[in-house]
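Coordinates from coords.tsv are shown below (TSV, C-alpha atoms).
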```
chain	number	residue	atom	x	y	z
P	1	MET	CA	4.64	11.05	16.47
P	2	THR	CA	6.50	13.38	18.81
P	3	THR	CA	10.13	12.88	19.78
P	4	GLN	CA	8.88	12.49	23.36
P	5	GLN	CA	6.61	9.58	22.42
P	6	ILE	CA	9.39	7.96	20.41
P	7	HIS	CA	11.82	8.39	23.29
P	8	GLU	CA	9.37	6.81	25.76
P	9	ARG	CA	8.62	3.83	23.54
P	10	LEU	CA	12.32	3.18	23.00
P	11	GLN	CA	13.03	3.45	26.73
P	12	LEU	CA	10.21	0.97	27.32
P	13	ASN	CA	11.60	-1.53	24.82
P	14	PHE	CA	15.27	-1.03	25.74
P	15	GLN	CA	15.19	-0.65	29.51
P	16	ASP	CA	18.95	0.01	29.88
P	17	ALA	CA	19.19	2.32	26.88
P	18	GLN	CA	20.64	5.78	26.51
P	19	VAL	CA	18.39	7.37	23.89
P	20	GLU	CA	18.57	10.60	21.88
P	21	VAL	CA	15.72	11.41	19.47
P	22	THR	CA	15.90	14.27	16.99
P	23	ASP	CA	13.16	15.54	14.68
P	24	LEU	CA	15.25	16.21	11.55
P	25	THR	CA	12.74	18.38	9.75
P	26	GLY	CA	10.35	19.70	12.39
P	27	THR	CA	7.54	17.75	10.76
P	28	SER	CA	7.64	14.83	13.26
P	29	ASP	CA	8.13	12.28	10.48
P	30	HIS	CA	11.86	12.43	9.70
P	31	ILE	CA	13.36	11.15	12.91
P	32	GLN	CA	16.94	10.43	13.97
P	33	VAL	CA	17.52	7.99	16.81
P	34	LEU	CA	20.82	7.53	18.64
P	35	ILE	CA	20.51	4.58	20.98
P	36	ARG	CA	22.97	2.66	23.16
P	37	SER	CA	21.93	-0.58	24.80
P	38	GLU	CA	23.50	-3.87	25.75
P	39	LYS	CA	20.75	-5.55	23.74
P	40	PHE	CA	22.79	-4.69	20.64
P	41	HIS	CA	25.80	-6.61	21.85
P	42	GLY	CA	26.91	-9.19	19.26
P	43	LYS	CA	24.22	-8.10	16.79
P	44	THR	CA	24.98	-7.15	13.20
P	45	ARG	CA	24.11	-3.65	11.91
P	46	MET	CA	21.13	-5.13	10.10
P	47	GLN	CA	19.83	-6.82	13.24
P	48	ARG	CA	20.28	-3.67	15.32
P	49	HIS	CA	18.43	-1.54	12.82
P	50	ARG	CA	15.64	-4.11	12.60
P	51	MET	CA	15.32	-4.18	16.41
P	52	VAL	CA	14.74	-0.42	16.44
P	53	MET	CA	12.50	-0.36	13.37
P	54	ASP	CA	10.33	-3.16	14.74
P	55	VAL	CA	9.38	-0.87	17.66
P	56	PHE	CA	7.79	1.49	15.11
P	57	SER	CA	6.57	-0.99	12.50
P	58	GLU	CA	3.00	0.40	12.52
P	59	GLU	CA	4.10	4.03	12.22
P	60	LEU	CA	6.56	3.16	9.46
P	61	LYS	CA	3.88	1.22	7.58
P	62	SER	CA	1.31	4.00	7.95
P	63	GLY	CA	3.86	6.65	7.01
P	64	GLU	CA	3.35	8.49	10.30
P	65	ILE	CA	7.11	8.08	10.50
P	66	HIS	CA	8.41	8.63	6.95
P	67	ALA	CA	12.11	8.25	7.60
P	68	LEU	CA	13.99	6.83	10.58
P	69	THR	CA	17.72	7.35	10.75
P	70	ILE	CA	19.28	5.02	13.28
P	71	GLN	CA	22.59	4.76	15.08
P	72	ALA	CA	22.49	1.75	17.39
P	73	GLU	CA	25.52	0.95	19.58
P	74	THR	CA	26.29	-1.01	22.70
P	75	LEU	CA	26.66	0.84	26.02
P	76	ASN	CA	30.44	0.69	26.51
Y	1	MET	CA	2.93	-10.03	-1.57
Y	2	THR	CA	1.79	-12.07	-4.56
Y	3	GLU	CA	4.01	-14.63	-6.25
Y	4	GLN	CA	3.85	-12.53	-9.35
Y	5	VAL	CA	5.37	-9.54	-7.53
Y	6	GLN	CA	8.01	-11.76	-5.92
Y	7	LYS	CA	8.93	-13.10	-9.37
Y	8	ARG	CA	9.21	-9.55	-10.73
Y	9	ILE	CA	11.50	-8.58	-7.86
Y	10	GLU	CA	13.69	-11.64	-8.35
Y	11	ASP	CA	13.95	-10.87	-12.08
Y	12	LEU	CA	15.04	-7.34	-11.27
Y	13	LEU	CA	17.60	-8.61	-8.76
Y	14	SER	CA	19.10	-10.94	-11.35
Y	15	GLN	CA	19.90	-7.98	-13.61
Y	16	ASN	CA	22.90	-7.01	-11.49
Y	17	ASP	CA	24.68	-8.32	-8.39
Y	18	LEU	CA	24.35	-4.88	-6.87
Y	19	PHE	CA	20.80	-3.54	-7.06
Y	20	LEU	CA	19.22	-0.46	-5.49
Y	21	PHE	CA	15.48	0.05	-5.04
Y	22	MET	CA	15.12	3.79	-4.72
Y	23	LYS	CA	12.86	6.79	-5.11
Y	24	GLY	CA	13.72	8.40	-8.42
Y	25	THR	CA	16.69	7.45	-10.60
Y	26	PRO	CA	20.46	7.62	-10.02
Y	27	ASP	CA	20.60	10.80	-12.11
Y	28	PHE	CA	17.42	12.26	-10.53
Y	29	PRO	CA	16.94	10.90	-7.00
Y	30	MET	CA	13.64	12.09	-5.51
Y	31	CYS	CA	14.40	11.67	-1.82
Y	32	GLY	CA	17.34	12.63	0.38
Y	33	PHE	CA	18.00	9.10	1.57
Y	34	SER	CA	17.88	7.67	-1.97
Y	35	ALA	CA	20.22	10.45	-3.10
Y	36	ARG	CA	22.66	9.54	-0.34
Y	37	ALA	CA	22.51	5.85	-1.26
Y	38	VAL	CA	23.28	6.67	-4.92
Y	39	ALA	CA	26.13	8.99	-3.94
Y	40	ILE	CA	27.73	6.23	-1.87
Y	41	LEU	CA	27.45	3.71	-4.70
Y	42	LYS	CA	28.91	6.21	-7.17
Y	43	GLU	CA	31.84	6.76	-4.77
Y	44	THR	CA	32.62	3.05	-4.84
Y	45	GLY	CA	32.73	3.21	-8.64
Y	46	VAL	CA	30.97	-0.15	-9.00
Y	47	THR	CA	28.15	-0.44	-11.56
Y	48	PHE	CA	24.72	-1.13	-10.09
Y	49	GLY	CA	21.17	-1.69	-11.21
Y	50	SER	CA	18.34	0.45	-9.90
Y	51	PHE	CA	14.57	0.66	-9.91
Y	52	ASN	CA	12.40	3.73	-9.34
Y	53	VAL	CA	9.72	2.56	-6.91
Y	54	LEU	CA	7.78	5.80	-7.43
Y	55	GLU	CA	6.79	4.45	-10.81
Y	56	ASP	CA	5.44	1.15	-9.54
Y	57	ALA	CA	3.30	0.92	-6.38
Y	58	GLU	CA	3.28	-2.89	-6.57
Y	59	ILE	CA	7.08	-3.08	-6.35
Y	60	ARG	CA	7.21	-0.21	-3.85
Y	61	GLU	CA	5.12	-2.19	-1.37
Y	62	GLY	CA	6.33	-5.63	-2.47
Y	63	ILE	CA	9.97	-4.88	-1.82
Y	64	LYS	CA	9.18	-3.93	1.78
Y	65	ALA	CA	7.70	-7.38	2.33
Y	66	PHE	CA	10.43	-9.07	0.27
Y	67	GLY	CA	13.24	-7.53	2.30
Y	68	ASN	CA	11.24	-7.37	5.53
Y	69	TRP	CA	12.39	-3.76	5.63
Y	70	PRO	CA	9.82	-0.96	5.93
Y	71	THR	CA	11.57	1.84	4.09
Y	72	ILE	CA	13.15	2.80	0.77
Y	73	PRO	CA	15.98	2.84	-0.41
Y	74	GLN	CA	17.03	-0.77	-0.15
Y	75	LEU	CA	20.36	-2.08	-1.41
Y	76	TYR	CA	20.72	-5.72	-2.44
Y	77	PHE	CA	23.91	-7.63	-3.19
Y	78	LYS	CA	23.58	-11.04	-4.81
Y	79	LYS	CA	19.85	-10.94	-4.00
Y	80	GLU	CA	20.48	-10.34	-0.30
Y	81	LEU	CA	19.38	-7.19	1.50
Y	82	ILE	CA	22.35	-5.11	2.65
Y	83	GLY	CA	20.26	-2.35	4.15
Y	84	GLY	CA	19.00	1.18	3.84
Y	85	SER	CA	21.05	4.35	3.45
Y	86	ASP	CA	22.11	4.37	7.12
Y	87	ILE	CA	23.67	0.94	6.99
Y	88	MET	CA	25.21	1.73	3.60
Y	89	MET	CA	26.82	4.85	5.11
Y	90	GLU	CA	28.10	3.03	8.18
Y	91	MET	CA	29.52	0.21	6.06
Y	92	TYR	CA	31.03	2.65	3.57
Y	93	GLN	CA	32.75	4.63	6.31
Y	94	ALA	CA	34.09	1.39	7.78
Y	95	GLY	CA	35.28	0.27	4.32
Y	96	GLU	CA	33.05	-2.83	4.61
Y	97	LEU	CA	30.80	-1.92	1.68
Y	98	GLN	CA	33.73	-1.65	-0.71
Y	99	THR	CA	35.17	-5.05	0.28
Y	100	LEU	CA	31.74	-6.68	0.14
Y	101	ILE	CA	30.69	-5.51	-3.31
Y	102	LYS	CA	34.05	-6.26	-4.89
Y	103	GLN	CA	33.75	-9.97	-4.11
```
Step by step, read the file and then write its structure as structure tokens.
Amino acid sequence: MTTQQIHERLQLNFQDAQVEVTDLTGTSDHIQVLIRSEKFHGKTRMQRHRMVMDVFSEELKSGEIHALTIQAETLN
Amino acid sequence: MTEQVQKRIEDLLSQNDLFLFMKGTPDFPMCGFSARAVAILKETGVTFGSFNVLEDAEIREGIKAFGNWPTIPQLYFKKELIGGSDIMMEMYQAGELQTLIKQ
């Protein structure tokens, strides 16, 4: 999955989000996501990570995305 | 996930309050994220149990369903999922992991 596709899907799911996607290893399966959205307001770290991982549940299950490093913060 | 696998996981989790499902072993981690998780736990100095999911496909898949978390490593404290290596790092840097596991 390309960083572009990941970026688009995140933007779709988090309309207000500022998103940065980095391919950590150049193999399109070790991805780092930095995302800021008001949807994370009042959510625990666990909930925030789950919200992002849920967007890629199929790819994580299939292994298309092997590792997803997430930093999820609110906008302000 | 079968009941039998769930039972196996619960037995493992009762071995130690702090329990890490990982790829490889604490002395020989086989994946960068598992290595990072072990390093964090070693920094805290607290003893922990661990299980090498590479040696057991049933547990490797079962734990993902058990924790409703799609990746490995997974850290559990008192049978509750704390998170993967990202959350462990964030909590460690904020000092939250240390206070939590010393309860």
Within 9 Å of chain Y, which residues of chain P show up when using all atoms listed in the file, listed as a count of residues only? 14
Close residues, Gln4 of chain Y itself excluded, 12 Å, all atoms listed in the file, min 5 positions apart in chain, as an MDAnalysis selection string: chainID Y and resid 9:11 58:59 62
Atoms kept (C-alpha atoms) for selection, written as a CSV table (one decimal), in the coordinates of the input:
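So the final result, stored in out30.csv, reads:
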```
chain,number,residue,atom,x,y,z
Y,9,ILE,CA,11.5,-8.6,-7.9
Y,10,GLU,CA,13.7,-11.6,-8.4
Y,11,ASP,CA,14.0,-10.9,-12.1
Y,58,GLU,CA,3.3,-2.9,-6.6
Y,59,ILE,CA,7.1,-3.1,-6.4
Y,62,GLY,CA,6.3,-5.6,-2.5
```
Could you jot down the atom CA of Ile65 of chain P to atom CA of Ile63 of chain Y separation for me, Å, one decimal place?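 Between atom CA of Ile65 of chain P and atom CA of Ile63 of chain Y the gap works out to 18.1 Å.
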Counting all atoms listed in the file, find the residues whose atoms lie at most 12 Å from (20.3, -3.6, 26.7) (file coordinates) and write them out as a PDB file with C-alpha atoms, keeping the file's coordinate frame.
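Resulting contents of out.pdb:
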```
ATOM      1  CA  LEU P  10      12.320   3.180  23.000  1.00  0.00           C
ATOM      2  CA  GLN P  11      13.030   3.450  26.730  1.00  0.00           C
ATOM      3  CA  LEU P  12      10.210   0.970  27.320  1.00  0.00           C
ATOM      4  CA  ASN P  13      11.600  -1.530  24.820  1.00  0.00           C
ATOM      5  CA  PHE P  14      15.270  -1.030  25.740  1.00  0.00           C
ATOM      6  CA  GLN P  15      15.190  -0.650  29.510  1.00  0.00           C
ATOM      7  CA  ASP P  16      18.950   0.010  29.880  1.00  0.00           C
ATOM      8  CA  ALA P  17      19.190   2.320  26.880  1.00  0.00           C
ATOM      9  CA  GLN P  18      20.640   5.780  26.510  1.00  0.00           C
ATOM     10  CA  VAL P  19      18.390   7.370  23.890  1.00  0.00           C
ATOM     11  CA  ILE P  35      20.510   4.580  20.980  1.00  0.00           C
ATOM     12  CA  ARG P  36      22.970   2.660  23.160  1.00  0.00           C
ATOM     13  CA  SER P  37      21.930  -0.580  24.800  1.00  0.00           C
ATOM     14  CA  GLU P  38      23.500  -3.870  25.750  1.00  0.00           C
ATOM     15  CA  LYS P  39      20.750  -5.550  23.740  1.00  0.00           C
ATOM     16  CA  PHE P  40      22.790  -4.690  20.640  1.00  0.00           C
ATOM     17  CA  HIS P  41      25.800  -6.610  21.850  1.00  0.00           C
ATOM     18  CA  GLY P  42      26.910  -9.190  19.260  1.00  0.00           C
ATOM     19  CA  LYS P  43      24.220  -8.100  16.790  1.00  0.00           C
ATOM     20  CA  ARG P  48      20.280  -3.670  15.320  1.00  0.00           C
ATOM     21  CA  MET P  51      15.320  -4.180  16.410  1.00  0.00           C
ATOM     22  CA  ALA P  72      22.490   1.750  17.390  1.00  0.00           C
ATOM     23  CA  GLU P  73      25.520   0.950  19.580  1.00  0.00           C
ATOM     24  CA  THR P  74      26.290  -1.010  22.700  1.00  0.00           C
ATOM     25  CA  LEU P  75      26.660   0.840  26.020  1.00  0.00           C
ATOM     26  CA  ASN P  76      30.440   0.690  26.510  1.00  0.00           C
TER      27      ASN P  76
END
```
Would you please work out which residue, of P:Gly26, P:Glu8, P:Val33, P:Met1, is nearest to Glu59 of chain P when using all atoms listed in the file?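 That would be P:Met1, the residue with the smallest distance to Glu59 of chain P.
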In Å to one decimal, how far is atom CA of Phe66 of chain Y from atom CA of Met22 of chain Y?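 If I compute the distance from atom CA of Met22 of chain Y to atom CA of Phe66 of chain Y, I get 14.6 Å.
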Tell me, in Å to one decimal, how far atom CA of Ile31 of chain P is from atom CA of Leu75 of chain Y. 20.7 Å
Looking at Y:Ala65, Y:Leu97, Y:Met89, Y:Ala37, which one is nearest to Leu20 of chain Y, with distances taken over all atoms listed in the file? Y:Ala37
Mind checking which residues fall within 12 Å of Leu41 of chain Y, counting only C-alpha atoms, ignoring those fewer than 2 positions away in the same chain, and posting them as an MDAnalysis selection string? chainID Y and resid 18:20 26 34:39 43:50 75:77 85 88:89 91:92 97:98 101:102
Residue with smallest distance to Phe28 of chain Y - pool Y:Glu96, Y:Lys79, Y:Asn52, Y:Ser14, counting all atoms listed in the file: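 Among Y:Glu96, Y:Lys79, Y:Asn52, Y:Ser14, it is Y:Asn52 that comes nearest to Phe28 of chain Y.
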